[in-house]
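Data first, discussion second: the structure below is written as structure tokens.
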Amino acid sequence: MITTQADQAYLQLQQDWESNARSYPRRFPLVIDKAKGLIITDTEGKTYYDCLAGAGTLALGHNHDVVLAAIRAVLDQQIPLHTLDLATPLKIAFMQEVLSLLPAGFKEKAKIQFCGPTGADGVEAAIKLVKNATGGKSILAFQGGYHGSTQATMAMSGNLGKKQHLQSLLPDVHFLPFPYEYRCPFGVGGGMTARISAQYIENLLDDCESGIAAPCGVIVETVQGEGGAVPADVEWLRQLRRITAERGIPLVVDEVQTGIGRTGKMFSFEHAGIVPDVIVCSKAIGGSLPMSVVLYKAELDRWQPGAHTGTFRGNQLGMATGLATLKFMKEADVLSNVNERSEQFFEALCRLQTRYEEIGDVRGRGLMIGVEVVDPNGRKDRLGHYPPCGERASRIQEECFKRGLIIEVGGRRSSVLRFLPPLTITAQETAEVLSVFEQAVVEALATLRRQ
């Protein structure tokens, strides 16, 4: 795939010097020279459609003009790049813009906590916040969820591989069944998954012998990202909000990947018409640059000064690019494009699903889309679905990369091919991406069948 000696040298040096924990270079062995919009160009001049987009960070794609202009303005005006949590006019403008996005009744009294530049740090801050505010002990999370790679956030994530051999993770985390209809945790499906899940949660919280100490909060992704682009049923979300509100349990919505337009709404919880108590944002909210914030109801603001800090919480460049991105999204009506392109993706992918039994499920919300790949030679589960097949998904991903398309895998056994393109992807670009994907599916599956 990489032919020049220079590229081979770069990749060899990366392998020699960089941690064994590196991940993306193992699947995408390229050396990036430049990037613009949807397109990445390597040092050989080969171009790639980037449907990973910084794991959803690049809402407007690579090097969008408004982002570059915002960076230049900060530099030209000699705005300090690093301010801890001291005030600047830029910071106030950014906060004002972010607060304006919140639902009525929340934004008027909302508070913002600036965190270290990762989503995981935002989740850590959110858990500290609700623990301080409630005095509760337990945290309720969901099977299949993902909240980060720190000790505490791994403890709240469903993925076992990363935490299997680690000691002393955050205690008192309890996992609830997520309404994953295709792989129903109750083995029933048929539209009953969400209803049973909600009933289970309500019964658990009301059971005086549940074995779970008083919870300080419930944390949830409305669409599980790393878990395989699994969207929660909107009525289930409404029930979860009702259940937690009636019992005075803060509902923390992890919007790290789903937030800032990814699902076709500015925040993904808006699809259900609910208002959470705490919202964690990162990735796209920084407009391509590192940024992480927690938005929460003022009545939870009971922690003391310095309860959560972070040296880089005053990233002025990230505030500038975030502000520029949020304003552009409104002015250009980017959400309409997200919904139109989402329909285009789903129509083509569902059509492809009818032709290949290896495509078990097509799902997601907005431009957060997953294609679950299955093994048609395996044993069906009680719902009649074939088992997830990471090998087939990996082969399709490899074929996509050979043809100049970068997509990620996730979900159980890494069997879900995930699309996270820029929110500004055009109809023509979408058609080209889908054409390459179909070619990759055809070739990968034909090769596997011949073996």
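Residues in the structure tokens are named by chain (A, B, ... in the order shown) and by number from 1 within that chain; ligands are numbered from 1 in the order shown.
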> Leaving out region 269-273 of chain A and any residue of its chain fewer than 2 positions from it, which residues lie within 10 Å of it when counting only C-alpha atoms, given as a PyMOL selection string?
Replying inline: chain A and resi 102-103+221-223+232-239+241+253-255+258-259+263-267+275-276+279+365
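Neighbours of region 184-186 of chain A closer than or equal to 12 Å, with only C-alpha atoms counted and sequence neighbours fewer than 4 positions away skipped, come out as Phe142, Gln143, Gly144, Leu176, Pro177, Phe178, Pro179, Tyr180, Gly190, Gly191, Met192, Thr193, Ala194, Arg195, Ile196, Ser197, Tyr200, Val230, Asp381, Arg382, Leu383, Gly384 and His385 of chain A.
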> Running DSSP on the backbone, which parts of region 215-395 of chain A land in alpha helix (DSSP H), as a PyMOL selection string?
Replying inline: chain A and resi 234-246+316-331+334-353+390-395
Restricted to C-alpha atoms, what would the selected residues look like written as a short mmCIF file (atom, residue, chain, number, x, y, z; two decimals), in the first residue's frame?
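Below is the file that was written, selection_18.cif:
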data_model
loop_
_atom_site.label_atom_id
_atom_site.label_comp_id
_atom_site.auth_asym_id
_atom_site.auth_seq_id
_atom_site.Cartn_x
_atom_site.Cartn_y
_atom_site.Cartn_z
CA VAL A 234 -36.69 7.92 21.87
CA GLU A 235 -39.58 6.75 24.06
CA TRP A 236 -37.08 4.83 26.19
CA LEU A 237 -35.12 8.06 26.65
CA ARG A 238 -38.29 9.81 27.78
CA GLN A 239 -38.96 7.04 30.28
CA LEU A 240 -35.37 7.17 31.53
CA ARG A 241 -35.74 10.90 32.08
CA ARG A 242 -39.05 10.39 33.91
CA ILE A 243 -37.64 7.61 36.08
CA THR A 244 -34.56 9.56 37.11
CA ALA A 245 -36.41 12.84 37.63
CA GLU A 246 -39.06 11.26 39.86
CA GLN A 316 -8.39 30.18 23.56
CA LEU A 317 -7.77 28.79 20.08
CA GLY A 318 -10.28 26.02 20.79
CA MET A 319 -12.82 28.59 21.98
CA ALA A 320 -12.27 30.66 18.83
CA THR A 321 -12.66 27.72 16.46
CA GLY A 322 -15.57 26.34 18.47
CA LEU A 323 -17.36 29.69 18.36
CA ALA A 324 -16.75 30.03 14.63
CA THR A 325 -18.01 26.49 13.99
CA LEU A 326 -21.20 26.94 16.02
CA LYS A 327 -22.02 30.23 14.29
CA PHE A 328 -21.35 28.76 10.84
CA MET A 329 -23.54 25.76 11.55
CA LYS A 330 -26.48 28.03 12.28
CA GLU A 331 -25.84 30.43 9.40
CA VAL A 334 -25.75 22.53 8.51
CA LEU A 335 -28.34 20.45 10.41
CA SER A 336 -30.53 20.30 7.32
CA ASN A 337 -27.61 18.92 5.36
CA VAL A 338 -26.97 16.31 8.06
CA ASN A 339 -30.54 15.06 7.82
CA GLU A 340 -30.55 15.02 4.02
CA ARG A 341 -27.24 13.20 3.76
CA SER A 342 -28.34 10.79 6.49
CA GLU A 343 -31.35 9.83 4.40
CA GLN A 344 -29.08 9.36 1.40
CA PHE A 345 -26.73 7.10 3.37
CA PHE A 346 -29.49 4.98 4.89
CA GLU A 347 -31.34 4.51 1.61
CA ALA A 348 -28.21 3.20 -0.13
CA LEU A 349 -26.99 1.09 2.79
CA CYS A 350 -30.37 -0.52 3.37
CA ARG A 351 -30.54 -1.32 -0.33
CA LEU A 352 -27.13 -2.97 -0.06
CA GLN A 353 -28.34 -4.90 2.98
CA GLY A 390 -15.27 -8.90 13.13
CA GLU A 391 -13.21 -10.73 10.50
CA ARG A 392 -15.60 -9.85 7.70
CA ALA A 393 -15.91 -6.26 8.93
CA SER A 394 -12.12 -5.95 9.02
CA ARG A 395 -11.79 -7.26 5.46
#
> Can you tell me, as a list in words, what residues are no more than 10 Å from Leu52 (chain A) when counting only C-alpha atoms, ignoring any on the same chain fewer than 6 positions away?
Replying inline: Leu38, Leu58, Gly61, Leu405, Ile406, Ile407, Glu408, Val409, Arg418, Phe419, Leu420, Pro421 and Pro422 of chain A
>> Please list as a VMD selection string every residue within 7 Å of Val436 (chain A), counting only C-alpha atoms and excluding residues in the same chain fewer than 3 positions away.
In response: chain A and resid 400 403 432 to 433 439 to 440
With C-alpha atoms retained, export the selected residues as a PDB file, in the first residue's frame.
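See part.pdb below for the written result:
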ATOM      1  CA  CYS A 400     -12.329   0.440   1.671  1.00  0.00           C
ATOM      2  CA  ARG A 403      -9.932   2.190  -2.557  1.00  0.00           C
ATOM      3  CA  GLU A 432     -18.907   8.741  -4.164  1.00  0.00           C
ATOM      4  CA  VAL A 433     -18.336   7.384  -0.645  1.00  0.00           C
ATOM      5  CA  GLN A 439     -17.246  -1.889  -4.316  1.00  0.00           C
ATOM      6  CA  ALA A 440     -15.336  -2.786  -1.147  1.00  0.00           C
TER       7      ALA A 440
END
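Note that CA of Ala55 (chain A) and CA of His308 (chain A) are 25.6 Å apart.
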> Could you pull the residues within 7 Å of Asp375 (chain A), counting only C-alpha atoms, minus those fewer than 6 positions along the same chain, as a PyMOL selection string?
Replying inline: chain A and resi 358+386-389
> Nearest to Gly370 (chain A): which of A:Arg22, A:Arg355, A:Lys46, A:Arg412 is it, counting only C-alpha atoms?
Replying inline: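 So, comparing all the options, the nearest one is A:Arg412.
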>> I'd like to know which of A:Gln15, A:Gln397, A:Asn63, A:Ser282 is closest to Val123 (chain A), using only C-alpha atoms.
In response: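 Using only C-alpha atoms, the shortest distance to Val123 (chain A) belongs to A:Ser282.
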> Which of these, A:Arg449, A:Glu398, A:Lys128, A:Val416, has the shortest distance to Arg27 (chain A) once you count only C-alpha atoms?
Replying inline: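 For Arg27 (chain A), the nearest of the candidates is A:Glu398.
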> By how many Å are CA of Asp65 (chain A) and CA of Asp85 (chain A) apart?
Replying inline: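 For CA of Asp65 (chain A) relative to CA of Asp85 (chain A), the distance reads 28.0 Å.
When DSSP is run on the backbone, the residues of region 265-366 of chain A that fall into strand (DSSP E or B) are Val278, Ile279, Val280, Cys281, Val293, Val294, Leu295, Tyr296, Lys297, Asn315, Ile359, Gly360, Asp361, Val362, Arg363, Gly364 and Arg365 of chain A.
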Restricting it to C-alpha atoms, dump the selection as a PDB file, in the first residue's frame.
ATOM      1  CA  VAL A 278     -25.771  17.321  32.976  1.00  0.00           C
ATOM      2  CA  ILE A 279     -24.366  17.370  29.440  1.00  0.00           C
ATOM      3  CA  VAL A 280     -20.778  16.427  28.599  1.00  0.00           C
ATOM      4  CA  CYS A 281     -19.406  17.891  25.357  1.00  0.00           C
ATOM      5  CA  VAL A 293     -17.010  21.276  28.735  1.00  0.00           C
ATOM      6  CA  VAL A 294     -19.685  20.152  31.146  1.00  0.00           C
ATOM      7  CA  LEU A 295     -23.027  21.964  31.071  1.00  0.00           C
ATOM      8  CA  TYR A 296     -25.270  21.465  34.068  1.00  0.00           C
ATOM      9  CA  LYS A 297     -28.183  22.791  36.047  1.00  0.00           C
ATOM     10  CA  ASN A 315      -7.535  26.936  25.358  1.00  0.00           C
ATOM     11  CA  ILE A 359     -25.010  -7.132   6.414  1.00  0.00           C
ATOM     12  CA  GLY A 360     -27.143  -7.863   9.439  1.00  0.00           C
ATOM     13  CA  ASP A 361     -28.203  -4.382  10.520  1.00  0.00           C
ATOM     14  CA  VAL A 362     -28.017  -0.779   9.325  1.00  0.00           C
ATOM     15  CA  ARG A 363     -28.643   1.770  12.062  1.00  0.00           C
ATOM     16  CA  GLY A 364     -27.715   5.058  13.645  1.00  0.00           C
ATOM     17  CA  ARG A 365     -28.976   8.607  13.704  1.00  0.00           C
TER      18      ARG A 365
END
